[in-house]
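J.: What follows is a structure written as structure tokens; I'll ask about it next.
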Amino acid sequence: MTTVDLNVSPMGRVEGDLDVRVTIDDGVVSSAWTSAAMFRGFEIILRGKDPQAGLIVTPRICGICGGSHLYKAAYALDVAWRTELPRNATLIRNIAQACETLQSIPRCFYALFAIDLTNRRYASSPLYEEAVRRFTPFTGTSYGPGVVLSGAPVEVYAIFGGQWPHSSFMVPGGVICAPTLADVTRATAILEHWKTEWLEKRWLGCGVDRWLANHSWADVLAWLDENDAQRDSDLGFFLRYCLDIGLDRYGQGAGNYLATGTYLHPDLYARPTIEGREAALIGRSGVYAGGTHHPFDQARVREDVTHSFYRGSSAYHPFDGETDPIDPEVGRHAGKYSWAKSPRYDVPDLGYLPLEAGPLARRVAAAAPGAAPHQDDDPLFADILATIGSSVMVRLLARMHEAALYYRWVRGWLDEIDLREPFHLPPSELAEGRGFGSTEAARGSLSDWIVLEHGKIANYQVVTPTAWNIGPRDGTGTPGPIEAALVGTPVANPDDPVELGHVARSFDSCLVCTVHAYDGRTGRELSRFVVNEDL
């Protein structure tokens with residue numbers, strides 16, 4: 001049995017401490033349990049507060065994706081207050097949200113994932129020495145430029161938002177900023193430099209348009225062999241190395257996915273409502289389960305607390321959600337083992353299921369039939385899943401694929417800003433109302449539900465991508481997505497189970513992990529291994 005302990009400051013991570021227990025039988029993980037070990041209580045803090053408190057408090061939930069928290073909190077209050085948004089405001093919100101994600105993409109790869117590719121476990125690979133040369137922390141030829149250049153996109157965020165992280169410039173009715181032509185020009189130049197020096201020169205080895213022309217796994221393999229620049233790029237090397245060391249063969253998960261969508265068309269969401277959101281999305285929402293695509297409907301979301309350290313065993317919709325903590329020692333006697341709730345989605349004909357959130361889920365949603373002309377329509381990952389299936393490699397590839405896609409979108413939105421038009425329209429501050437706001441943070445679907453009564457927050461529920469992915473078993477005993485993805489993972493050396501780190505990091509949960517490995521039959525501790533340090 002293997003236990004993963006996480007000790008993280010609550011201001012810097014979504015879920016705080018995390019434990020993962022895995023049972024290893026004959027060198028393969030047969031069972032897994034995820035346990036968020038720290039109570040944070042942001043939803044309790046917001047009760048009774050001014051309706052705009054969520055704009056200040058929720059971005060402090062996470063130091064990595066605070067802009068994403070602001071984005072969905074602003075839209076939740078827009079819906080509750082029935083605001084009107086000027087076109088420029090929607091464009092600026094889209095730009096800021098996408099730039100935060102663009103920063104996270106190379107940082108996640110080089111600083112959190114690729115360093116494990118230098119583990120001595122892979123010394124027999126003919127590509128190992130090259131992996132060490134590129135990805136060794138601080139001295140790797142790709143590590144340094146990748147991490148340094150990753151900061152450029154949030155410089156664009158700061159131009160419009162005043163600062164990053166923890167900006168609060170998105171407010172009901174728009175954004176509080178007054179950019180000049182110089183600001184827009186500078187933002188464009190920063191983004192172009194990032195694209196030229198990292199995205200095309202180092203990561204792709206080709207132009208953005210060439211990569212985005214790949215629509216199938218066969219296309220990707222042909223791209224890989226098309227020329228030396230692409231084959232020897234960081235992406236080309238990553239794919240070749242993954243195929244050599246087997247990262248395409250485990251970490252699959254249950255194969256059910258959720259994307260709540262993000263980025264809104266400025267002409268289609270001028271008056272935000274729950275009902276009008278889906279048609280206005282550029283990055284599409286959707287649920288894929290049981291081999292079928294379904295439209296996303298926030299009314300079908302529930303949070304199960306059967307195995308969570310909260311009172312009872314309910315499964316409420318977030319508008320009616322309760323955050324009623326109990327003593328963990330008491331909870332353990334009732335079979336509870338995590339501070340994370342278990343988000344579930346009522347899939348038609350299949351019932352309440354755990355769903356994987358994240359870049360791969362977004363790519364699955366983008367492949368659903370019926371895209372409008374303004375919406376993401378990308379068949380690549382549907383073909384990849386049908387051809388080779390999900391894995392650690394595929395989950396990382398989905399994340400990195402979005403660097404090219406989001407760059408293209410941001411460049412277009414920058415060109416659409418009209419400096420002659422307003423960026424904010426003063427709202428009416430309604431005393432009663434309900435609002436839903438959501439986005440796709442770098443790690444997946446991130447949503448707020450707010451209930452206003454008598455001019456105060458009566459209820460506020462946040463469902464993070466990390467909760468979707470690391471949530472514990474529900475009332476039916478069904479494992480959460482990471483619990484499912486860990487099953488089947490081979491562990492070659494229990495004294496150094498790097499494979500567990502690959503699976504955990506492929507989800508890029510806002511967590512740091514220390515692993516204690518135990519033999520599944522004897523219970524004897526075999527080792528203690530750091531899976532994910534707070535870099």
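Ordering of the structure tokens sets the chain letters (A, B, ...); residue numbers start at 1 within each chain; ligands are numbered from 1 in the order shown.
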Would you list the contacts of segment 94-96 of chain A as a PDB file with C-alpha atoms, in the first residue's frame, taking every protein, DNA or RNA residue within 6 Å and counting only C-alpha atoms, but skipping same-chain residues closer than 5 positions in sequence?
T.:
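So the final result, stored in part.pdb, reads:
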ATOM      1  CA  TYR A 157      -2.507  39.986 -18.034  1.00  0.00           C
ATOM      2  CA  TYR A 263     -14.233  32.309 -23.472  1.00  0.00           C
ATOM      3  CA  VAL A 410      -5.614  35.881 -27.980  1.00  0.00           C
TER       4      VAL A 410
END
J.: For segment 29-84 of chain A against segment 335-343 of chain A, with a cut-off of 7 Å and counting only C-alpha atoms, what is the closest atom pair and its distance in Å to one decimal for every residue that makes the cut, ordered by chain and number, as a tab-separated table?
T.:
residue	atom	partner	partner_atom	distance
A:Ser35	CA	A:Ser338	CA	4.3
A:Ala36	CA	A:Ser338	CA	4.9
A:Ala37	CA	A:Trp339	CA	5.9
A:Met38	CA	A:Trp339	CA	6.3
A:Phe39	CA	A:Trp339	CA	5.9
J.: Any chance you could export the current selection's N, CA and C atoms as an mmCIF file, in the first residue's frame?
T.:
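Final output, selection-v3.cif:
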data_model
loop_
_atom_site.group_PDB
_atom_site.id
_atom_site.type_symbol
_atom_site.label_atom_id
_atom_site.label_comp_id
_atom_site.auth_asym_id
_atom_site.auth_seq_id
_atom_site.Cartn_x
_atom_site.Cartn_y
_atom_site.Cartn_z
ATOM 1 N N SER A 35 -7.165 11.539 -0.677
ATOM 2 C CA SER A 35 -7.690 12.185 0.523
ATOM 3 C C SER A 35 -7.091 13.575 0.665
ATOM 4 N N ALA A 36 -7.924 14.600 0.481
ATOM 5 C CA ALA A 36 -7.489 15.963 0.768
ATOM 6 C C ALA A 36 -7.506 16.141 2.276
ATOM 7 N N ALA A 37 -6.356 16.442 2.846
ATOM 8 C CA ALA A 37 -6.193 16.360 4.299
ATOM 9 C C ALA A 37 -6.265 17.705 5.009
ATOM 10 N N MET A 38 -6.640 18.776 4.306
ATOM 11 C CA MET A 38 -6.714 20.086 4.950
ATOM 12 C C MET A 38 -8.069 20.745 4.664
ATOM 13 N N PHE A 39 -8.704 21.230 5.718
ATOM 14 C CA PHE A 39 -9.945 22.000 5.579
ATOM 15 C C PHE A 39 -9.617 23.474 5.419
#
J.: Check the smallest atom-to-atom distance from each of A:Ser104, A:Ser314, A:Gln163, A:Ser438 to His69 of chain A using only C-alpha atoms, then report the winner.
T.: A:Ser438
J.: Hey, what's within 10 Å of Val132 of chain A if we count only C-alpha atoms and toss same-chain stuff fewer than 5 positions away? As a list in words, please?
T.: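 Answer for this query is Ala114, Ile115, Asp116, Leu117, Thr118, Asn119, Arg120, Ala123, Leu127, Pro137, Thr139, Gly140 and Thr141 of chain A.
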J.: To one decimal in Å, tell me the separation between atom CA of Leu102 of chain A and atom CA of Phe436 of chain A.
T.: 24.8 Å
J.: With a distance cut-off of 9 Å and only C-alpha atoms, select the neighbouring residues of Trp211 of chain A, excluding the residue or stretch itself and same-chain residues fewer than 5 positions from it, and output the selection as a PyMOL selection string.
T.: chain A and resi 204+206+220+223+401+404
J.: Could the residues in this selection be saved with C-alpha atoms as a short mmCIF file (atom, residue, chain, number, x, y, z; two decimals), in the first residue's frame?
T.:
data_model
loop_
_atom_site.label_atom_id
_atom_site.label_comp_id
_atom_site.auth_asym_id
_atom_site.auth_seq_id
_atom_site.Cartn_x
_atom_site.Cartn_y
_atom_site.Cartn_z
CA LEU A 204 6.93 23.02 -31.95
CA CYS A 206 7.31 24.84 -36.80
CA VAL A 220 0.86 13.80 -35.63
CA TRP A 223 4.34 15.69 -38.55
CA HIS A 401 -1.73 21.48 -27.74
CA ALA A 404 -0.93 27.08 -30.09
#
J.: Out of segment 287-487 of chain A, which residues get strand (DSSP E or B) from DSSP, as a VMD selection string?
T.: chain A and resid 287 to 289 292 to 294 301 to 304 308 310 315 to 316 325 338 342 to 347 351 to 353 356 424 433 to 441 444 to 453 456 to 463
J.: Quick one: residues within 7 Å of Gly283 of chain A, only C-alpha atoms counted, chain neighbours fewer than 3 positions away excluded, as a list of chain:residue names?
T.: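 Surrounding residues, per the criterion: A:Gly261, A:Thr262, A:Tyr263, A:Gln375, A:Asp376.
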J.: Output N, CA and C atoms of each residue in that selection to a file, as a compact mmCIF listing (two decimals), in the first residue's frame.
T.:
# COMPACT_ATOMS: atom_id res chain seq x y z
N GLY A 261 -16.58 24.74 -20.32
CA GLY A 261 -16.38 25.73 -21.37
C GLY A 261 -15.86 27.05 -20.87
N THR A 262 -15.30 27.82 -21.79
CA THR A 262 -14.78 29.15 -21.42
C THR A 262 -14.63 30.01 -22.66
N TYR A 263 -14.38 31.27 -22.44
CA TYR A 263 -14.23 32.31 -23.47
C TYR A 263 -15.57 32.53 -24.19
N GLN A 375 -17.22 28.63 -32.65
CA GLN A 375 -16.81 27.73 -31.58
C GLN A 375 -15.65 26.82 -31.98
N ASP A 376 -14.92 26.40 -30.95
CA ASP A 376 -13.80 25.48 -31.11
C ASP A 376 -14.31 24.18 -31.75
J.: Got a sec: who's within 10 Å of Glu416 of chain A, counting only C-alpha atoms, leaving out chain neighbours fewer than 3 positions off, as an MDAnalysis selection string?
T.: chainID A and resid 87:88 91:92 410:413 419
J.: Keeping only C-alpha atoms, write the selected residues as an mmCIF file, in the first residue's frame.
T.:
data_model
loop_
_atom_site.group_PDB
_atom_site.id
_atom_site.type_symbol
_atom_site.label_atom_id
_atom_site.label_comp_id
_atom_site.auth_asym_id
_atom_site.auth_seq_id
_atom_site.Cartn_x
_atom_site.Cartn_y
_atom_site.Cartn_z
ATOM 1 C CA ARG A 87 -17.921 44.221 -25.990
ATOM 2 C CA ASN A 88 -14.470 45.356 -24.862
ATOM 3 C CA LEU A 91 -12.612 40.630 -24.968
ATOM 4 C CA ILE A 92 -10.348 41.744 -22.118
ATOM 5 C CA VAL A 410 -5.614 35.881 -27.980
ATOM 6 C CA ARG A 411 -4.010 37.479 -31.034
ATOM 7 C CA GLY A 412 -7.439 37.781 -32.609
ATOM 8 C CA TRP A 413 -9.038 39.262 -29.487
ATOM 9 C CA LEU A 419 -10.380 51.860 -27.596
#
J.: With only C-alpha atoms as the counted atoms, please give the residues lying no more than 9 Å from Ser428 of chain A, apart from itself and same-chain residues fewer than 2 positions off, as a ChimeraX atom specification.
T.: /A:81-83,426,430
J.: Now that the selection is made, can you save its residues with C-alpha atoms as a compact mmCIF listing (two decimals), in the first residue's frame?
T.:
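Okay, this is what ended up in result-v9.txt:
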# COMPACT_ATOMS: atom_id res chain seq x y z
CA TRP A 81 -27.27 41.08 -10.92
CA ARG A 82 -28.42 40.82 -14.56
CA THR A 83 -25.70 43.12 -15.79
CA PRO A 426 -22.43 50.32 -14.03
CA LEU A 430 -29.88 43.59 -6.81
J.: To one decimal in Å, tell me the separation between atom CA of Ile176 of chain A and atom CA of Arg93 of chain A.
T.: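 Atom CA of Arg93 of chain A lies at a distance of 10.7 Å from atom CA of Ile176 of chain A.
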J.: So the first atom is atom CA of Tyr407 of chain A and the second is atom CA of Gly54 of chain A; what is the distance between them in Å, to one decimal place?
T.: 28.9 Å
J.: Among the residues of segment 242-423 of chain A, find those DSSP assigns to helix (DSSP H, G or I) from the backbone and print them as a PyMOL selection string.
T.: chain A and resi 242-245+274-280+298-300+318-320+328-333+359-365+380-387+392-416
J.: Which one of A:Lys72, A:His424, A:Arg434, A:Arg186 sits closest to Gly174 of chain A if you count only C-alpha atoms?
T.: A:His424
